[in-house]
Amino acid sequence: MSDQPAPRNPLNDDRFRLLVEAVVDYAIYMLDPEGRVVSWNSGARRFKGYQEAEILGAHFSCFYTPEDRQAGLPGRALAIAVDQGRFEGEGWRLRKDGSRFWCHVVIDPIRDPDGQLLGFAKITRDMTEQRHAEQTLKQSEQQFRLLVQSVTDYAIYMLDPEGHVSSWNPGAQRIKGYAPEDIIGQHFSLFYTPQDRAAGEPCNTLDIAVREGRFEKQGWRMRKDGTQFLAHVVVDPIRADNGELLGFAKITRDISEVVAAQKELETAREALFQSQKLQAIGQLSGGIAHDFNNLLTVIRGNLELLHKRIGDDPRLSRLVDNALLGTERGVTLTQRMLAFARRQELKTEAVDLCQLVGGLEGLLRSSVGPQVAIRFDVPQGLPAVLVDVNQLELALLNLVANARDAMPAGGGIHVKARVHGATEQSQPAYVCLAVIDSGEGMDEQTLACATDPFFTTKGLGKGTGLGLSMVHGLAEQLGGRLVLTSCKGQGTTAELWLPLATQDELSVGEEPVHDSRPVSRPLCVLLVDDDALVLNSTTLLLEDLGHRVIRAATGDQALEAFSVHPEIELMVTDVAMPRMDGAQLVEAVRRLRPDIPVVLATGYARHLAETVSGLPRLLKPYTQGQLVAALAQAMAADASQVPDAGN
């Protein structure tokens, strides 16, 4: 075998040269041992800008930036290639026109078979676009990281495929209470309640996210301190370009306050709805009671007149008496409806609650029956309250009757009073009159409806459902309130908060008593009412008393009557009339006849002008005796202006 090296094949050398020359995406060229350029391909010409004649023989350091040349990077690159057999790196390089580009560089030393350094092979690739893309991506990632880290209202963090926490933002720390060093590496299931963990909710969450591409739900979660909060949770799977699951992005928001605020809003809306509903029912009840009062006025008046004319027939007397008792029940019902609508006529005065309850004690004991024990705790010395005595007595009777009915098998009732709202710094605001029973009690749904009109838990025909609504309406009209508390099986407490009488009201004392003796002579009475039945019935009552009656259905007719009948001595007028009401009529009449006595007939309380507020009132439905008393009071008040019998 010959030791001579194989002869070079010129054909192979030409093919290699053509291959290198054909490459345009890489600069491939040779350096001599000192670093001077000895070959130059088309790729080098394309992105470095030098032609072969311009660059051959030049030192490759001309491609480096001034700062890199000053730092000795060209020489260092060659030294590393010699010492380590290869140099590889990235950095800025210069084109012929002075512009810069980012490149990836590989330098390999070329040696002969004896190891003698012949030069260097240098391959350079333009990486400017890739670097720009990487920088853009890096900047985007940095901005995203800053964005996530600046969010404090949401917990935004990453989980690995098994559910371990791999990142943690300040929002997560604020909401959940864990610092990053406490939680990173921990399994996210520790945020769940023990019940949810036992039910497999954490695993189910990740399974749904993987299977459906998203998980979203509200639920209770745990903070580090063990407290719970209501959370809105979104979990999204994160996948690589090839579909491999890399982990999960998890966003949690604390919605406890939002949900609480929503509930408060719904409660306020429901309260407003109930208020509007009760107002509408109150208006309806007031209107019905007004019309019903007119009917009762007619029925009661005619029955009284009939009672006078039936003679000594006992059977007819019983029939009329029963009918009158029926009208009394109707009067009670309308009074309750008006109390609920807050339209009953109240005659408020300063009242000693101890005396009032003491006066009712015997009646209350007899009304509850032998199976119910009732005790009273209403101490002397309580501040006086401003109430209507009759209405308050009726309200107390209603509350005690309700308490008795709640204890069909017997029990105990405690009636007590105390000052409510008093502190060391302030005067008492109310006196609280409470009726407490040991009966069946009410559940939440029944308690919520207890004061609604016509709502009752009693059997058919055993209650109107207006008792508590009447007490509620009375309390509101007086400026107090009715407070009910109850639990099923634990009895009920009904508290009636009554406003205190002021010093001025205490000093008023009793009003002067008017001489209410029946009028001894016939009068010419102008009767005004827009209801024809009431007009006819009251006319019969007045004529039965011997008076002459001139009738008018409107205010205009009444004013016209004064010009036609100057002999009119007294006017009885309804208050609630269309176009011109009773108060407006009185003011107009005063301009014609300033001294004429007037009686106002009304079915419910309403605000009247100060000029007529002191006139005698005749409350519908009225009896003939009440009519006589009202006429007497009106005539006594204006006695000095009553014409002589000779006129």
# chains A, B, ... in the order shown; residues from 1 in each chain; ligands from 1
call {"tool": "residues_around", "arguments": {"residues": "Val320 of chain A", "least_positions_apart": "2", "cutoff": "10 Å", "atoms": "only C-alpha atoms", "output": "ChimeraX atom specification"}}
result
/A:303-304,306-307,310,314-318,322-326
call {"tool": "closest_atom_pairs", "arguments": {"of": "segment 81-107 of chain A", "to": "segment 115-123 of chain A", "cutoff": "8 Å", "atoms": "only C-alpha atoms", "output": "tab-separated table"}}
result
residue	atom	partner	partner_atom	distance
A:Val105	CA	A:Ile123	CA	5.9
A:Val106	CA	A:Ile123	CA	5.3
A:Ile107	CA	A:Lys122	CA	4.6
call {"tool": "select_by_dssp", "arguments": {"residues": "segment 147-246 of chain A", "states": "helix (DSSP H, G or I)", "output": "MDAnalysis selection string"}}
result
chainID A and resid 147:150 170:176 180:183 188:191 194:198 201:212
call {"tool": "write_last_selection", "arguments": {"atoms": "C-alpha atoms", "output": "mmCIF file, in the first residue's frame"}}
result
data_model
loop_
_atom_site.group_PDB
_atom_site.id
_atom_site.type_symbol
_atom_site.label_atom_id
_atom_site.label_comp_id
_atom_site.auth_asym_id
_atom_site.auth_seq_id
_atom_site.Cartn_x
_atom_site.Cartn_y
_atom_site.Cartn_z
ATOM 1 C CA LEU A 147 -50.497 43.554 34.460
ATOM 2 C CA VAL A 148 -51.202 40.394 36.439
ATOM 3 C CA GLN A 149 -49.033 41.583 39.312
ATOM 4 C CA SER A 150 -50.851 44.918 39.461
ATOM 5 C CA PRO A 170 -51.002 40.212 44.771
ATOM 6 C CA GLY A 171 -54.769 39.852 44.258
ATOM 7 C CA ALA A 172 -54.517 36.211 45.270
ATOM 8 C CA GLN A 173 -52.523 37.182 48.336
ATOM 9 C CA ARG A 174 -55.054 39.865 49.307
ATOM 10 C CA ILE A 175 -58.129 37.683 48.794
ATOM 11 C CA LYS A 176 -56.841 34.347 50.078
ATOM 12 C CA PRO A 180 -46.228 33.405 47.496
ATOM 13 C CA GLU A 181 -43.688 31.494 49.567
ATOM 14 C CA ASP A 182 -46.550 29.947 51.573
ATOM 15 C CA ILE A 183 -48.580 28.657 48.652
ATOM 16 C CA PHE A 188 -55.096 24.254 45.043
ATOM 17 C CA SER A 189 -57.614 21.964 46.791
ATOM 18 C CA LEU A 190 -56.735 23.587 50.111
ATOM 19 C CA PHE A 191 -58.829 26.598 49.009
ATOM 20 C CA PRO A 194 -63.812 20.318 53.707
ATOM 21 C CA GLN A 195 -67.216 19.304 52.369
ATOM 22 C CA ASP A 196 -66.246 20.195 48.778
ATOM 23 C CA ARG A 197 -62.910 18.390 49.094
ATOM 24 C CA ALA A 198 -64.682 15.303 50.365
ATOM 25 C CA GLU A 201 -64.859 19.172 43.712
ATOM 26 C CA PRO A 202 -61.189 20.177 43.047
ATOM 27 C CA CYS A 203 -60.561 17.166 40.794
ATOM 28 C CA ASN A 204 -63.925 17.640 39.112
ATOM 29 C CA THR A 205 -63.017 21.271 38.392
ATOM 30 C CA LEU A 206 -59.850 20.361 36.485
ATOM 31 C CA ASP A 207 -61.573 17.490 34.670
ATOM 32 C CA ILE A 208 -64.314 19.797 33.380
ATOM 33 C CA ALA A 209 -61.741 22.417 32.326
ATOM 34 C CA VAL A 210 -59.793 19.792 30.334
ATOM 35 C CA ARG A 211 -62.878 18.164 28.845
ATOM 36 C CA GLU A 212 -64.913 21.280 27.997
#
call {"tool": "closest_residue", "arguments": {"among": "A:Arg481, A:Arg125, A:His232, A:His547", "to": "Arg93 of chain A", "atoms": "only C-alpha atoms"}}
result
A:Arg125
call {"tool": "residues_around", "arguments": {"residues": "Gly35 of chain A", "least_positions_apart": "2", "cutoff": "7 Å", "atoms": "only C-alpha atoms", "output": "PyMOL selection string"}}
result
chain A and resi 31-33+37+59-60
call {"tool": "closest_residue", "arguments": {"among": "A:Leu627, A:Ala637, A:Ala558, A:Leu533", "to": "Leu296 of chain A", "atoms": "only C-alpha atoms"}}
result
A:Leu533
call {"tool": "select_by_dssp", "arguments": {"residues": "segment 44-135 of chain A", "states": "strand (DSSP E or B)", "output": "short mmCIF file (atom, residue, chain, number, x, y, z; two decimals) with C-alpha atoms, in the first residue's frame"}}
result
data_model
loop_
_atom_site.label_atom_id
_atom_site.label_comp_id
_atom_site.auth_asym_id
_atom_site.auth_seq_id
_atom_site.Cartn_x
_atom_site.Cartn_y
_atom_site.Cartn_z
CA HIS A 59 -9.80 41.77 8.82
CA TYR A 64 -17.97 44.23 14.76
CA PHE A 87 -16.80 29.43 19.00
CA GLU A 88 -20.56 30.10 18.98
CA GLY A 89 -22.38 33.23 20.00
CA GLU A 90 -24.84 35.99 19.16
CA GLY A 91 -24.39 39.74 18.94
CA TRP A 92 -24.70 42.92 16.94
CA ARG A 93 -22.73 43.22 13.69
CA LEU A 94 -22.27 45.97 11.11
CA ARG A 100 -26.65 46.94 12.51
CA PHE A 101 -28.11 43.46 12.48
CA TRP A 102 -28.31 40.74 15.08
CA CYS A 103 -26.59 37.54 14.08
CA HIS A 104 -25.75 34.06 15.19
CA VAL A 105 -22.03 33.23 14.59
CA VAL A 106 -20.13 29.91 14.45
CA ILE A 107 -16.31 29.84 13.99
CA ASP A 108 -14.47 26.55 13.50
CA PRO A 109 -10.63 26.30 13.22
CA ILE A 110 -9.28 24.60 10.06
CA ARG A 111 -6.16 22.45 10.51
CA LEU A 117 -3.74 25.90 11.86
CA LEU A 118 -4.62 26.91 8.33
CA GLY A 119 -7.39 29.39 9.17
CA PHE A 120 -11.05 29.52 10.23
CA ALA A 121 -14.42 28.67 8.71
CA LYS A 122 -17.03 31.27 9.72
CA ILE A 123 -20.78 30.93 9.32
CA THR A 124 -22.99 33.91 10.15
CA ARG A 125 -26.81 33.97 10.12
CA ASP A 126 -28.93 37.15 10.20
#
call {"tool": "closest_residue", "arguments": {"among": "A:Leu159, A:Glu34, A:Ala632, A:Arg45", "to": "Leu78 of chain A", "atoms": "only C-alpha atoms"}}
result
A:Glu34
call {"tool": "closest_residue", "arguments": {"among": "A:Glu543, A:Asp112, A:Glu495, A:Glu393", "to": "Leu482 of chain A", "atoms": "only C-alpha atoms"}}
result
A:Glu495
call {"tool": "atom_distance", "arguments": {"atom1": "atom CA of Leu447 of chain A", "atom2": "atom CA of Leu498 of chain A"}}
result
21.4 Å
call {"tool": "atom_distance", "arguments": {"atom1": "atom CA of Ala417 of chain A", "atom2": "atom CA of Leu353 of chain A"}}
result
8.3 Å
call {"tool": "residues_around", "arguments": {"residues": "Gln626 of chain A", "least_positions_apart": "6", "cutoff": "12 Å", "atoms": "only C-alpha atoms", "output": "MDAnalysis selection string"}}
result
chainID A and resid 297 300:301 516:518 538 541:542 599 601 616:620 632:633
call {"tool": "write_last_selection", "arguments": {"atoms": "N, CA and C atoms", "output": "PDB file, in the first residue's frame"}}
result
ATOM      1  N   THR A 297    -124.764  54.429  57.745  1.00  0.00           N
ATOM      2  CA  THR A 297    -125.485  55.606  58.236  1.00  0.00           C
ATOM      3  C   THR A 297    -126.956  55.521  57.854  1.00  0.00           C
ATOM      4  N   ARG A 300    -128.534  52.356  59.800  1.00  0.00           N
ATOM      5  CA  ARG A 300    -128.698  52.614  61.232  1.00  0.00           C
ATOM      6  C   ARG A 300    -129.783  53.649  61.479  1.00  0.00           C
ATOM      7  N   GLY A 301    -129.783  54.723  60.686  1.00  0.00           N
ATOM      8  CA  GLY A 301    -130.788  55.773  60.878  1.00  0.00           C
ATOM      9  C   GLY A 301    -132.195  55.265  60.659  1.00  0.00           C
ATOM     10  N   SER A 516    -124.380  70.448  75.936  1.00  0.00           N
ATOM     11  CA  SER A 516    -124.886  69.607  74.862  1.00  0.00           C
ATOM     12  C   SER A 516    -126.329  69.178  75.106  1.00  0.00           C
ATOM     13  N   ARG A 517    -127.071  70.005  75.864  1.00  0.00           N
ATOM     14  CA  ARG A 517    -128.478  69.679  76.062  1.00  0.00           C
ATOM     15  C   ARG A 517    -129.212  69.781  74.730  1.00  0.00           C
ATOM     16  N   PRO A 518    -130.194  68.874  74.482  1.00  0.00           N
ATOM     17  CA  PRO A 518    -130.898  68.899  73.198  1.00  0.00           C
ATOM     18  C   PRO A 518    -131.464  70.280  72.890  1.00  0.00           C
ATOM     19  N   THR A 538    -130.715  61.042  56.740  1.00  0.00           N
ATOM     20  CA  THR A 538    -130.485  62.087  57.741  1.00  0.00           C
ATOM     21  C   THR A 538    -131.640  63.075  57.768  1.00  0.00           C
ATOM     22  N   LEU A 541    -134.172  61.607  60.016  1.00  0.00           N
ATOM     23  CA  LEU A 541    -133.783  61.727  61.423  1.00  0.00           C
ATOM     24  C   LEU A 541    -134.028  63.142  61.944  1.00  0.00           C
ATOM     25  N   LEU A 542    -133.673  64.138  61.134  1.00  0.00           N
ATOM     26  CA  LEU A 542    -133.861  65.533  61.560  1.00  0.00           C
ATOM     27  C   LEU A 542    -135.343  65.890  61.638  1.00  0.00           C
ATOM     28  N   VAL A 599    -121.973  71.890  61.443  1.00  0.00           N
ATOM     29  CA  VAL A 599    -121.564  70.553  61.880  1.00  0.00           C
ATOM     30  C   VAL A 599    -120.958  69.840  60.669  1.00  0.00           C
ATOM     31  N   ALA A 601    -119.905  66.386  58.975  1.00  0.00           N
ATOM     32  CA  ALA A 601    -120.124  64.938  58.999  1.00  0.00           C
ATOM     33  C   ALA A 601    -119.036  64.269  58.160  1.00  0.00           C
ATOM     34  N   PRO A 616    -117.674  71.268  65.357  1.00  0.00           N
ATOM     35  CA  PRO A 616    -118.197  69.980  65.842  1.00  0.00           C
ATOM     36  C   PRO A 616    -118.179  68.934  64.729  1.00  0.00           C
ATOM     37  N   ARG A 617    -117.816  67.698  65.094  1.00  0.00           N
ATOM     38  CA  ARG A 617    -117.742  66.606  64.119  1.00  0.00           C
ATOM     39  C   ARG A 617    -118.840  65.584  64.401  1.00  0.00           C
ATOM     40  N   LEU A 618    -119.391  65.051  63.343  1.00  0.00           N
ATOM     41  CA  LEU A 618    -120.380  63.988  63.421  1.00  0.00           C
ATOM     42  C   LEU A 618    -119.807  62.817  62.637  1.00  0.00           C
ATOM     43  N   LEU A 619    -119.378  61.766  63.363  1.00  0.00           N
ATOM     44  CA  LEU A 619    -118.676  60.649  62.728  1.00  0.00           C
ATOM     45  C   LEU A 619    -119.663  59.635  62.175  1.00  0.00           C
ATOM     46  N   LYS A 620    -119.519  59.352  60.890  1.00  0.00           N
ATOM     47  CA  LYS A 620    -120.367  58.331  60.264  1.00  0.00           C
ATOM     48  C   LYS A 620    -119.867  56.941  60.639  1.00  0.00           C
ATOM     49  N   ALA A 632    -126.585  70.246  69.236  1.00  0.00           N
ATOM     50  CA  ALA A 632    -126.550  71.005  70.486  1.00  0.00           C
ATOM     51  C   ALA A 632    -125.184  71.662  70.680  1.00  0.00           C
ATOM     52  N   GLN A 633    -124.112  70.917  70.374  1.00  0.00           N
ATOM     53  CA  GLN A 633    -122.771  71.484  70.531  1.00  0.00           C
ATOM     54  C   GLN A 633    -122.570  72.663  69.591  1.00  0.00           C
TER      55      GLN A 633
END
call {"tool": "residues_around", "arguments": {"residues": "Ile550 of chain A", "least_positions_apart": "2", "cutoff": "10 Å", "atoms": "only C-alpha atoms", "output": "ChimeraX atom specification"}}
result
/A:524-528,539,547-548,552,558,561-562,565,568,571
call {"tool": "atom_distance", "arguments": {"atom1": "atom CA of Leu600 of chain A", "atom2": "atom CA of Asn294 of chain A"}}
result
14.2 Å
call {"tool": "closest_residue", "arguments": {"among": "A:Met30, A:Asp25, A:Lys96, A:Arg521", "to": "Gly546 of chain A", "atoms": "only C-alpha atoms"}}
result
A:Arg521
call {"tool": "decode", "arguments": {"residues": "segment 52-69 of chain A", "atoms": "N, CA and C atoms", "output": "PDB file, in the first residue's frame"}}
result
ATOM      1  N   GLU A  52     -17.078  40.802  -3.125  1.00  0.00           N
ATOM      2  CA  GLU A  52     -15.894  39.994  -2.836  1.00  0.00           C
ATOM      3  C   GLU A  52     -14.600  40.801  -2.980  1.00  0.00           C
ATOM      4  N   ALA A  53     -14.518  41.638  -4.018  1.00  0.00           N
ATOM      5  CA  ALA A  53     -13.296  42.426  -4.269  1.00  0.00           C
ATOM      6  C   ALA A  53     -13.065  43.437  -3.156  1.00  0.00           C
ATOM      7  N   GLU A  54     -14.182  43.863  -2.471  1.00  0.00           N
ATOM      8  CA  GLU A  54     -14.070  44.892  -1.430  1.00  0.00           C
ATOM      9  C   GLU A  54     -13.608  44.308  -0.096  1.00  0.00           C
ATOM     10  N   ILE A  55     -13.896  43.045   0.126  1.00  0.00           N
ATOM     11  CA  ILE A  55     -13.693  42.518   1.475  1.00  0.00           C
ATOM     12  C   ILE A  55     -12.537  41.544   1.589  1.00  0.00           C
ATOM     13  N   LEU A  56     -12.155  40.881   0.483  1.00  0.00           N
ATOM     14  CA  LEU A  56     -11.054  39.918   0.586  1.00  0.00           C
ATOM     15  C   LEU A  56      -9.786  40.621   1.063  1.00  0.00           C
ATOM     16  N   GLY A  57      -9.146  40.023   2.035  1.00  0.00           N
ATOM     17  CA  GLY A  57      -7.942  40.589   2.621  1.00  0.00           C
ATOM     18  C   GLY A  57      -8.215  41.492   3.806  1.00  0.00           C
ATOM     19  N   ALA A  58      -9.465  41.916   3.992  1.00  0.00           N
ATOM     20  CA  ALA A  58      -9.811  42.772   5.148  1.00  0.00           C
ATOM     21  C   ALA A  58      -9.958  41.918   6.404  1.00  0.00           C
ATOM     22  N   HIS A  59      -9.676  42.501   7.561  1.00  0.00           N
ATOM     23  CA  HIS A  59      -9.804  41.774   8.824  1.00  0.00           C
ATOM     24  C   HIS A  59     -11.285  41.700   9.210  1.00  0.00           C
ATOM     25  N   PHE A  60     -11.674  40.517   9.677  1.00  0.00           N
ATOM     26  CA  PHE A  60     -13.114  40.310   9.948  1.00  0.00           C
ATOM     27  C   PHE A  60     -13.638  41.187  11.082  1.00  0.00           C
ATOM     28  N   SER A  61     -12.724  41.838  11.824  1.00  0.00           N
ATOM     29  CA  SER A  61     -13.165  42.714  12.930  1.00  0.00           C
ATOM     30  C   SER A  61     -13.952  43.911  12.424  1.00  0.00           C
ATOM     31  N   CYS A  62     -13.876  44.182  11.086  1.00  0.00           N
ATOM     32  CA  CYS A  62     -14.651  45.315  10.552  1.00  0.00           C
ATOM     33  C   CYS A  62     -16.150  45.074  10.641  1.00  0.00           C
ATOM     34  N   PHE A  63     -16.542  43.808  10.865  1.00  0.00           N
ATOM     35  CA  PHE A  63     -17.974  43.521  11.002  1.00  0.00           C
ATOM     36  C   PHE A  63     -18.495  43.800  12.419  1.00  0.00           C
ATOM     37  N   TYR A  64     -17.571  44.029  13.362  1.00  0.00           N
ATOM     38  CA  TYR A  64     -17.975  44.225  14.761  1.00  0.00           C
ATOM     39  C   TYR A  64     -18.299  45.700  15.025  1.00  0.00           C
ATOM     40  N   THR A  65     -19.109  45.945  16.027  1.00  0.00           N
ATOM     41  CA  THR A  65     -19.429  47.315  16.438  1.00  0.00           C
ATOM     42  C   THR A  65     -18.206  47.916  17.109  1.00  0.00           C
ATOM     43  N   PRO A  66     -18.062  49.238  17.097  1.00  0.00           N
ATOM     44  CA  PRO A  66     -16.909  49.881  17.732  1.00  0.00           C
ATOM     45  C   PRO A  66     -16.717  49.449  19.173  1.00  0.00           C
ATOM     46  N   GLU A  67     -17.819  49.348  19.927  1.00  0.00           N
ATOM     47  CA  GLU A  67     -17.688  49.002  21.338  1.00  0.00           C
ATOM     48  C   GLU A  67     -17.196  47.565  21.515  1.00  0.00           C
ATOM     49  N   ASP A  68     -17.633  46.651  20.590  1.00  0.00           N
ATOM     50  CA  ASP A  68     -17.146  45.266  20.682  1.00  0.00           C
ATOM     51  C   ASP A  68     -15.664  45.173  20.274  1.00  0.00           C
ATOM     52  N   ARG A  69     -15.255  45.975  19.260  1.00  0.00           N
ATOM     53  CA  ARG A  69     -13.830  45.974  18.879  1.00  0.00           C
ATOM     54  C   ARG A  69     -12.975  46.499  20.021  1.00  0.00           C
TER      55      ARG A  69
END
